[in-house]
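Engineer: Sharing target.csv below, CSV, C-alpha atoms and all ligand atoms:
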chain,number,residue,atom,x,y,z
A,1,MET,CA,9.5,11.0,25.2
A,2,ASP,CA,7.9,13.6,22.9
A,3,HIS,CA,6.2,12.0,19.9
A,4,LEU,CA,7.9,12.1,16.5
A,5,VAL,CA,6.5,13.1,13.1
A,6,SER,CA,7.5,11.4,9.9
A,7,PRO,CA,6.0,12.9,6.7
A,8,SER,CA,5.4,10.3,4.0
A,9,LEU,CA,7.1,11.3,0.7
A,10,LEU,CA,4.5,9.2,-1.2
A,11,ALA,CA,2.3,12.3,-1.2
A,12,ALA,CA,5.0,14.7,-2.4
A,13,ASP,CA,5.4,16.2,-5.8
A,14,PHE,CA,7.4,13.6,-7.8
A,15,GLY,CA,8.2,16.1,-10.5
A,16,ASN,CA,10.0,18.2,-7.9
A,17,LEU,CA,11.0,16.0,-5.0
A,18,GLU,CA,14.0,18.1,-4.0
A,19,LYS,CA,11.7,21.0,-3.2
A,20,ASP,CA,9.6,18.8,-0.9
A,21,VAL,CA,12.6,17.2,0.8
A,22,LEU,CA,14.0,20.7,1.5
A,23,MET,CA,10.7,21.7,3.0
A,24,VAL,CA,10.9,18.7,5.3
A,25,ASN,CA,14.4,19.6,6.2
A,26,LYS,CA,13.3,23.1,7.3
A,27,SER,CA,10.3,21.8,9.2
A,28,GLN,CA,9.9,20.3,12.7
A,29,ALA,CA,9.6,16.8,11.2
A,30,ASP,CA,11.8,14.2,13.0
A,31,TRP,CA,12.1,11.6,10.2
A,32,LEU,CA,11.2,11.3,6.5
A,33,HIS,CA,9.0,8.3,5.7
A,34,LEU,CA,9.7,6.4,2.4
A,35,ASP,CA,7.1,3.9,1.1
A,36,ILE,CA,8.5,1.1,-1.0
A,37,MET,CA,5.9,-0.9,-2.9
A,38,ASP,CA,6.6,-3.8,-5.3
A,39,GLY,CA,3.3,-4.4,-7.0
A,40,LEU,CA,3.1,-7.8,-5.4
A,41,PHE,CA,2.7,-7.4,-1.6
A,42,VAL,CA,0.5,-4.4,-2.5
A,43,PRO,CA,-1.2,-3.6,-5.8
A,44,ASN,CA,0.8,-0.5,-6.3
A,45,ILE,CA,4.5,0.3,-7.3
A,46,SER,CA,6.1,3.4,-5.8
A,47,PHE,CA,9.8,4.0,-6.2
A,48,GLY,CA,13.2,2.3,-5.7
A,49,PHE,CA,16.9,2.7,-5.1
A,50,PRO,CA,17.8,5.5,-7.6
A,51,VAL,CA,15.1,7.7,-6.1
A,52,ILE,CA,16.1,7.0,-2.5
A,53,GLU,CA,19.7,7.8,-3.4
A,54,CYS,CA,18.7,11.2,-4.7
A,55,VAL,CA,16.5,11.8,-1.7
A,56,ARG,CA,19.3,10.8,0.7
A,57,LYS,CA,21.6,13.4,-0.9
A,58,VAL,CA,19.2,16.2,0.0
A,59,ALA,CA,17.5,14.9,3.2
A,60,GLU,CA,18.8,15.9,6.6
A,61,LYS,CA,16.4,13.8,8.6
A,62,PRO,CA,16.7,10.1,9.3
A,63,LEU,CA,15.1,7.9,6.6
A,64,ASP,CA,12.2,5.9,7.9
A,65,VAL,CA,11.9,3.2,5.2
A,66,HIS,CA,8.7,1.2,5.1
A,67,LEU,CA,9.0,-1.9,2.9
A,68,MET,CA,5.7,-3.2,1.4
A,69,ILE,CA,7.4,-5.9,-0.6
A,70,VAL,CA,7.5,-9.7,-0.6
A,71,ASP,CA,10.7,-11.4,0.6
A,72,PRO,CA,12.4,-8.3,1.9
A,73,ASP,CA,15.5,-10.3,3.0
A,74,ARG,CA,16.8,-10.0,-0.6
A,75,TYR,CA,17.3,-6.2,-0.3
A,76,LEU,CA,18.1,-5.4,3.4
A,77,ALA,CA,21.8,-4.6,2.7
A,78,ARG,CA,20.9,-2.5,-0.3
A,79,PHE,CA,18.5,-0.4,1.7
A,80,ARG,CA,21.2,0.2,4.3
A,81,ASP,CA,23.7,1.1,1.5
A,82,THR,CA,21.1,3.5,0.0
A,83,GLY,CA,20.8,5.4,3.3
A,84,ALA,CA,17.9,3.8,5.4
A,85,ASN,CA,18.2,4.5,9.1
A,86,ILE,CA,15.0,2.7,10.3
A,87,LEU,CA,13.9,-0.3,8.2
A,88,THR,CA,10.4,-1.7,8.7
A,89,VAL,CA,9.2,-4.9,7.1
A,90,GLN,CA,5.6,-6.2,7.0
A,91,TYR,CA,4.9,-9.0,9.4
A,92,GLU,CA,2.8,-10.7,6.7
A,93,ALA,CA,5.8,-10.7,4.2
A,94,CYS,CA,8.3,-12.4,6.5
A,95,THR,CA,8.5,-16.2,7.1
A,96,HIS,CA,11.5,-15.9,9.3
A,97,LEU,CA,10.9,-12.6,11.0
A,98,HIS,CA,13.4,-13.0,13.8
A,99,ARG,CA,16.1,-13.7,11.3
A,100,THR,CA,15.1,-10.7,9.2
A,101,VAL,CA,15.1,-8.4,12.3
A,102,THR,CA,18.5,-9.7,13.4
A,103,GLU,CA,19.9,-9.0,10.0
A,104,ILE,CA,18.6,-5.4,10.0
A,105,HIS,CA,20.3,-4.8,13.3
A,106,ASN,CA,23.5,-6.5,12.1
A,107,LEU,CA,23.5,-4.0,9.2
A,108,GLY,CA,23.4,-1.1,11.7
A,109,MET,CA,19.7,0.0,11.2
A,110,LYS,CA,16.8,0.2,13.6
A,111,ALA,CA,14.2,-2.5,12.9
A,112,GLY,CA,10.5,-2.1,12.7
A,113,VAL,CA,7.7,-4.6,12.0
A,114,ALA,CA,4.4,-3.4,10.4
A,115,LEU,CA,1.0,-5.0,10.8
A,116,ASN,CA,-1.8,-4.9,8.3
A,117,PRO,CA,-5.2,-3.9,9.7
A,118,HIS,CA,-6.4,-7.5,9.9
A,119,THR,CA,-3.2,-8.8,11.7
A,120,PRO,CA,-3.7,-9.0,15.5
A,121,VAL,CA,-1.1,-7.4,17.8
A,122,SER,CA,-1.1,-10.6,19.9
A,123,LEU,CA,1.0,-12.2,17.2
A,124,LEU,CA,3.9,-9.9,18.2
A,125,LYS,CA,4.4,-11.4,21.7
A,126,ASN,CA,7.7,-13.3,20.8
A,127,ILE,CA,9.2,-10.7,18.6
A,128,LEU,CA,8.7,-7.6,20.8
A,129,PRO,CA,12.0,-8.2,22.7
A,130,PHE,CA,13.9,-7.9,19.4
A,131,VAL,CA,12.3,-4.9,17.6
A,132,ASP,CA,12.7,-1.1,18.0
A,133,MET,CA,9.3,-0.2,16.5
A,134,VAL,CA,5.9,-1.6,15.6
A,135,LEU,CA,4.1,0.1,12.7
A,136,ILE,CA,0.3,-0.2,13.0
A,137,MET,CA,-1.1,0.3,9.5
A,138,THR,CA,-4.3,2.4,10.0
A,139,VAL,CA,-5.3,1.9,6.4
A,140,ASN,CA,-4.7,-1.1,4.0
A,141,PRO,CA,-1.2,-0.5,2.6
A,142,GLY,CA,-0.7,0.4,-1.0
A,143,LEU,CA,-2.1,3.9,-1.4
A,144,GLY,CA,-2.0,7.3,0.2
A,145,GLY,CA,-5.1,9.4,0.9
A,146,GLN,CA,-7.3,6.6,2.4
A,147,SER,CA,-9.6,7.0,5.4
A,148,PHE,CA,-8.3,6.1,8.8
A,149,ILE,CA,-9.7,2.7,10.1
A,150,MET,CA,-11.3,3.5,13.5
A,151,GLU,CA,-10.7,0.0,15.0
A,152,SER,CA,-7.0,1.0,15.0
A,153,TYR,CA,-7.5,2.8,18.3
A,154,ASN,CA,-8.2,-0.6,20.0
A,155,LYS,CA,-5.2,-2.2,18.5
A,156,ILE,CA,-2.9,0.7,19.6
A,157,THR,CA,-4.3,0.6,23.2
A,158,GLU,CA,-3.8,-3.2,23.3
A,159,LEU,CA,-0.3,-3.0,22.0
A,160,ARG,CA,0.6,-0.1,24.4
A,161,LYS,CA,-0.5,-2.3,27.3
A,162,ILE,CA,1.6,-5.3,26.1
A,163,ILE,CA,4.7,-3.1,25.6
A,164,ASP,CA,4.4,-1.4,29.0
A,165,ALA,CA,3.6,-4.7,30.8
A,166,GLY,CA,6.7,-6.3,29.3
A,167,GLY,CA,8.9,-3.3,29.8
A,168,TYR,CA,9.9,-3.4,26.1
A,169,ASN,CA,11.8,-0.5,24.6
A,170,VAL,CA,9.5,-0.4,21.5
A,171,MET,CA,8.0,2.6,19.7
A,172,ILE,CA,4.5,2.5,18.2
A,173,GLU,CA,4.2,4.2,14.7
A,174,VAL,CA,0.9,4.7,12.9
A,175,ASP,CA,0.5,5.1,9.2
A,176,GLY,CA,-2.5,5.9,7.0
A,177,GLY,CA,-5.1,8.7,7.2
A,178,ILE,CA,-3.3,10.6,10.0
A,179,ASP,CA,-4.1,14.3,10.2
A,180,THR,CA,-4.3,17.2,12.7
A,181,LYS,CA,-7.7,16.0,13.8
A,182,ASN,CA,-7.0,12.5,14.9
A,183,ALA,CA,-3.3,13.0,15.9
A,184,ALA,CA,-4.0,14.0,19.5
A,185,LYS,CA,-6.2,11.0,20.3
A,186,LEU,CA,-3.5,8.7,18.7
A,187,ILE,CA,-0.8,10.1,21.0
A,188,GLU,CA,-3.1,9.7,24.0
A,189,SER,CA,-3.6,6.1,23.0
A,190,GLY,CA,0.1,5.5,23.2
A,191,VAL,CA,1.5,6.3,19.8
A,192,ASN,CA,5.1,7.5,19.5
A,193,VAL,CA,5.5,8.2,15.8
A,194,LEU,CA,2.9,9.8,13.4
A,195,VAL,CA,3.3,9.2,9.7
A,196,ALA,CA,1.4,11.7,7.5
A,197,GLY,CA,1.3,11.9,3.8
A,198,ASN,CA,-1.6,13.7,2.2
A,199,SER,CA,-2.5,15.8,5.3
A,200,VAL,CA,1.0,17.3,5.1
A,201,PHE,CA,1.8,17.6,1.4
A,202,SER,CA,-1.7,18.5,0.2
A,203,SER,CA,-2.1,21.2,2.8
A,204,ASP,CA,-1.8,24.9,2.0
A,205,ASP,CA,1.2,25.3,4.4
A,206,PRO,CA,3.0,21.9,4.9
A,207,ILE,CA,5.5,23.4,7.4
A,208,GLU,CA,2.7,24.7,9.5
A,209,THR,CA,0.8,21.3,9.3
A,210,ILE,CA,4.0,19.5,10.5
A,211,ARG,CA,4.3,22.1,13.3
A,212,LYS,CA,0.6,21.3,14.3
A,213,LEU,CA,1.3,17.6,14.2
A,214,LYS,CA,4.2,18.1,16.6
A,215,ARG,CA,2.6,20.6,19.0
A,216,LEU,CA,-0.9,19.1,19.5
A,217,ASN,CA,-2.3,21.5,22.1
A,301,LIG,C1,0.3,3.5,2.6
A,301,LIG,C2,1.6,4.1,3.0
A,301,LIG,C3,1.5,5.3,3.8
A,301,LIG,C4,0.9,6.5,3.0
A,301,LIG,C5,0.2,7.3,4.0
A,301,LIG,O1,0.4,2.3,2.1
A,301,LIG,O2,2.3,3.1,3.9
A,301,LIG,O3,2.8,5.7,4.3
A,301,LIG,O4,1.9,7.2,2.3
A,301,LIG,O5,-0.5,8.3,3.3
A,301,LIG,P1,-1.7,9.2,3.9
A,301,LIG,O6,-1.1,9.8,5.1
A,301,LIG,O7,-2.0,10.1,2.8
A,301,LIG,O8,-2.8,8.2,4.3
A,302,ZN,ZN,4.2,3.9,5.0
As structure tokens - that is how I would like this structure written.
Ligand code: DX5
Ligand code: ZN

Structural biologist:
Amino acid sequence: MDHLVSPSLLAADFGNLEKDVLMVNKSQADWLHLDIMDGLFVPNISFGFPVIECVRKVAEKPLDVHLMIVDPDRYLARFRDTGANILTVQYEACTHLHRTVTEIHNLGMKAGVALNPHTPVSLLKNILPFVDMVLIMTVNPGLGGQSFIMESYNKITELRKIIDAGGYNVMIEVDGGIDTKNAAKLIESGVNVLVAGNSVFSSDDPIETIRKLKRLN
């Protein structure tokens, strides 16, 4: 499977979101990544349902929603109703992860689980048969524009081996500090989905940057 690119709207112009969503529509991006932060799980607050509703009306790509919130079970149905297609919860925020993932599927969405940089991939062993995607956080969640943590390559390689050995149908997504320089090595390490915020939206030509992230040679 060719890899996917999911630009992160967190780095877009919040004074003119429509313009940036239309740019993503026109581009070769596969998904649109939306970061939901509650000021508790992470020190930052991003945006909520009214903003997602407006984005949904304009966006033509599937919404890849990344919840950095405590107790996400409270809101799964609302994210579905608001237009999420892929819903990813943080491993560290879920006491009953299997139940959460099952509920996401019952609501008709794809289910992802995200790992903070300090959380080992070995903890996923018993949930891999039940998820569609693992999101490896390659920075500490909460802010865009941070530097990629190099140790992430080892985590990705380790996870790729576990997924292949078990024959699981699970995608690996990476998020944080991804750009046209490290993308090729990430794909070689076994990544399926690249999230990119600042490297896309702060570039001179975001459409061309997305094209480069898609066509890496
Ligand atoms: C970080 C978010 C990321 C962020 C990535 O907590 O989960 O999706 O927007 O931004 P960049 O690509 O700028 O590191
Ligand atoms: Zn994210």

Engineer: Please identify every polymer residue within 6 Å of ligand ZN 302 (chain A), using only C-alpha atoms and all ligand atoms, and present the set as a PyMOL selection string.

Structural biologist: chain A and resi 35+66+175

Engineer: Once you have the residues from the selection above, write them out as a compact mmCIF listing (two decimals), keeping the file's coordinate frame, restricted to C-alpha atoms.

Structural biologist:
# COMPACT_ATOMS: atom_id res chain seq x y z
CA ASP A 35 7.10 3.90 1.10
CA HIS A 66 8.70 1.20 5.10
CA ASP A 175 0.50 5.10 9.20

Engineer: Taking only C-alpha atoms into account, name the residue in A:Glu103, A:Asp179, A:Glu92, A:Glu60 that is nearest to Tyr75 of chain A.

Structural biologist: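 Using only C-alpha atoms, the shortest distance to Tyr75 of chain A belongs to A:Glu103.
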
Engineer: Residues within 6 Å of ligand LIG 301 (chain A) should be enumerated using all atoms listed in the file and returned as an MDAnalysis selection string.

Structural biologist: chainID A and resid 8 10 35 141:146 175:178 196:198

Engineer: Rank nothing, just name the residue among A:Lys181, A:Phe79, A:Leu34, A:Cys94 nearest to Thr209 of chain A, using all atoms listed in the file.

Structural biologist: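 Residue with the minimum atom-to-atom distance to Thr209 of chain A: A:Lys181.
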
Engineer: Here is a test: counting all atoms listed in the file, which residue of A:Leu194, A:Val21, A:Val134, A:Ile187 is nearest to Tyr168 of chain A?

Structural biologist: A:Val134

Engineer: As an mmCIF file, in the coordinates of the input, please: segment 103-114 of chain A completed to all heavy atoms.

Structural biologist:
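Wrote it out as part.cif, contents follow:
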data_model
loop_
_atom_site.group_PDB
_atom_site.id
_atom_site.type_symbol
_atom_site.label_atom_id
_atom_site.label_comp_id
_atom_site.auth_asym_id
_atom_site.auth_seq_id
_atom_site.Cartn_x
_atom_site.Cartn_y
_atom_site.Cartn_z
ATOM 1 N N GLU A 103 19.088 -9.460 11.110
ATOM 2 C CA GLU A 103 19.900 -9.000 10.000
ATOM 3 C C GLU A 103 19.856 -7.467 9.863
ATOM 4 O O GLU A 103 20.873 -6.816 9.618
ATOM 5 C CB GLU A 103 19.461 -9.696 8.696
ATOM 6 C CG GLU A 103 20.246 -9.335 7.450
ATOM 7 C CD GLU A 103 21.740 -9.690 7.513
ATOM 8 O OE1 GLU A 103 22.144 -10.426 8.437
ATOM 9 O OE2 GLU A 103 22.489 -9.189 6.647
ATOM 10 N N ILE A 104 18.688 -6.903 10.036
ATOM 11 C CA ILE A 104 18.600 -5.400 10.000
ATOM 12 C C ILE A 104 19.451 -4.792 11.040
ATOM 13 O O ILE A 104 20.176 -3.830 10.774
ATOM 14 C CB ILE A 104 17.070 -5.006 10.150
ATOM 15 C CG1 ILE A 104 16.229 -5.477 8.961
ATOM 16 C CG2 ILE A 104 16.962 -3.488 10.317
ATOM 17 C CD1 ILE A 104 14.726 -5.255 9.122
ATOM 18 N N HIS A 105 19.438 -5.356 12.233
ATOM 19 C CA HIS A 105 20.300 -4.800 13.300
ATOM 20 C C HIS A 105 21.777 -5.027 12.971
ATOM 21 O O HIS A 105 22.595 -4.132 13.175
ATOM 22 C CB HIS A 105 19.964 -5.518 14.636
ATOM 23 C CG HIS A 105 18.728 -4.973 15.276
ATOM 24 N ND1 HIS A 105 17.873 -5.723 16.037
ATOM 25 C CD2 HIS A 105 18.201 -3.720 15.261
ATOM 26 C CE1 HIS A 105 16.880 -4.960 16.476
ATOM 27 N NE2 HIS A 105 17.049 -3.751 16.004
ATOM 28 N N ASN A 106 22.119 -6.203 12.470
ATOM 29 C CA ASN A 106 23.500 -6.500 12.100
ATOM 30 C C ASN A 106 24.019 -5.475 11.060
ATOM 31 O O ASN A 106 25.209 -5.146 11.001
ATOM 32 C CB ASN A 106 23.704 -7.889 11.599
ATOM 33 C CG ASN A 106 23.586 -8.908 12.729
ATOM 34 O OD1 ASN A 106 23.692 -8.552 13.894
ATOM 35 N ND2 ASN A 106 23.338 -10.169 12.385
ATOM 36 N N LEU A 107 23.103 -4.995 10.232
ATOM 37 C CA LEU A 107 23.500 -4.000 9.200
ATOM 38 C C LEU A 107 23.548 -2.600 9.755
ATOM 39 O O LEU A 107 23.868 -1.664 9.030
ATOM 40 C CB LEU A 107 22.463 -4.087 8.048
ATOM 41 C CG LEU A 107 22.540 -5.351 7.166
ATOM 42 C CD1 LEU A 107 21.263 -5.512 6.335
ATOM 43 C CD2 LEU A 107 23.757 -5.284 6.243
ATOM 44 N N GLY A 108 23.201 -2.441 11.021
ATOM 45 C CA GLY A 108 23.400 -1.100 11.700
ATOM 46 C C GLY A 108 22.127 -0.239 11.601
ATOM 47 O O GLY A 108 22.235 0.962 11.841
ATOM 48 N N MET A 109 20.971 -0.816 11.298
ATOM 49 C CA MET A 109 19.700 0.000 11.200
ATOM 50 C C MET A 109 18.825 -0.367 12.402
ATOM 51 O O MET A 109 18.959 -1.420 13.017
ATOM 52 C CB MET A 109 18.998 -0.284 9.920
ATOM 53 C CG MET A 109 19.763 0.126 8.679
ATOM 54 S SD MET A 109 18.911 -0.350 7.138
ATOM 55 C CE MET A 109 19.255 -2.112 7.057
ATOM 56 N N LYS A 110 17.875 0.519 12.691
ATOM 57 C CA LYS A 110 16.800 0.200 13.600
ATOM 58 C C LYS A 110 15.794 -0.683 12.860
ATOM 59 O O LYS A 110 15.600 -0.506 11.647
ATOM 60 C CB LYS A 110 16.090 1.454 14.101
ATOM 61 C CG LYS A 110 16.997 2.387 14.861
ATOM 62 C CD LYS A 110 16.538 2.492 16.301
ATOM 63 C CE LYS A 110 17.352 3.468 17.092
ATOM 64 N NZ LYS A 110 18.211 2.847 18.084
ATOM 65 N N ALA A 111 15.150 -1.608 13.595
ATOM 66 C CA ALA A 111 14.200 -2.500 12.900
ATOM 67 C C ALA A 111 12.803 -2.339 13.388
ATOM 68 O O ALA A 111 12.515 -2.270 14.588
ATOM 69 C CB ALA A 111 14.673 -3.979 13.265
ATOM 70 N N GLY A 112 11.912 -2.247 12.390
ATOM 71 C CA GLY A 112 10.500 -2.100 12.700
ATOM 72 C C GLY A 112 9.725 -3.285 12.036
ATOM 73 O O GLY A 112 10.179 -3.861 11.045
ATOM 74 N N VAL A 113 8.556 -3.598 12.629
ATOM 75 C CA VAL A 113 7.700 -4.600 12.000
ATOM 76 C C VAL A 113 6.297 -3.932 11.856
ATOM 77 O O VAL A 113 5.798 -3.313 12.800
ATOM 78 C CB VAL A 113 7.634 -5.923 12.771
ATOM 79 C CG1 VAL A 113 7.218 -5.748 14.212
ATOM 80 C CG2 VAL A 113 6.726 -6.926 12.072
ATOM 81 N N ALA A 114 5.721 -4.037 10.648
ATOM 82 C CA ALA A 114 4.400 -3.400 10.400
ATOM 83 C C ALA A 114 3.326 -4.465 10.319
ATOM 84 O O ALA A 114 3.551 -5.581 9.826
ATOM 85 C CB ALA A 114 4.477 -2.672 9.024
#
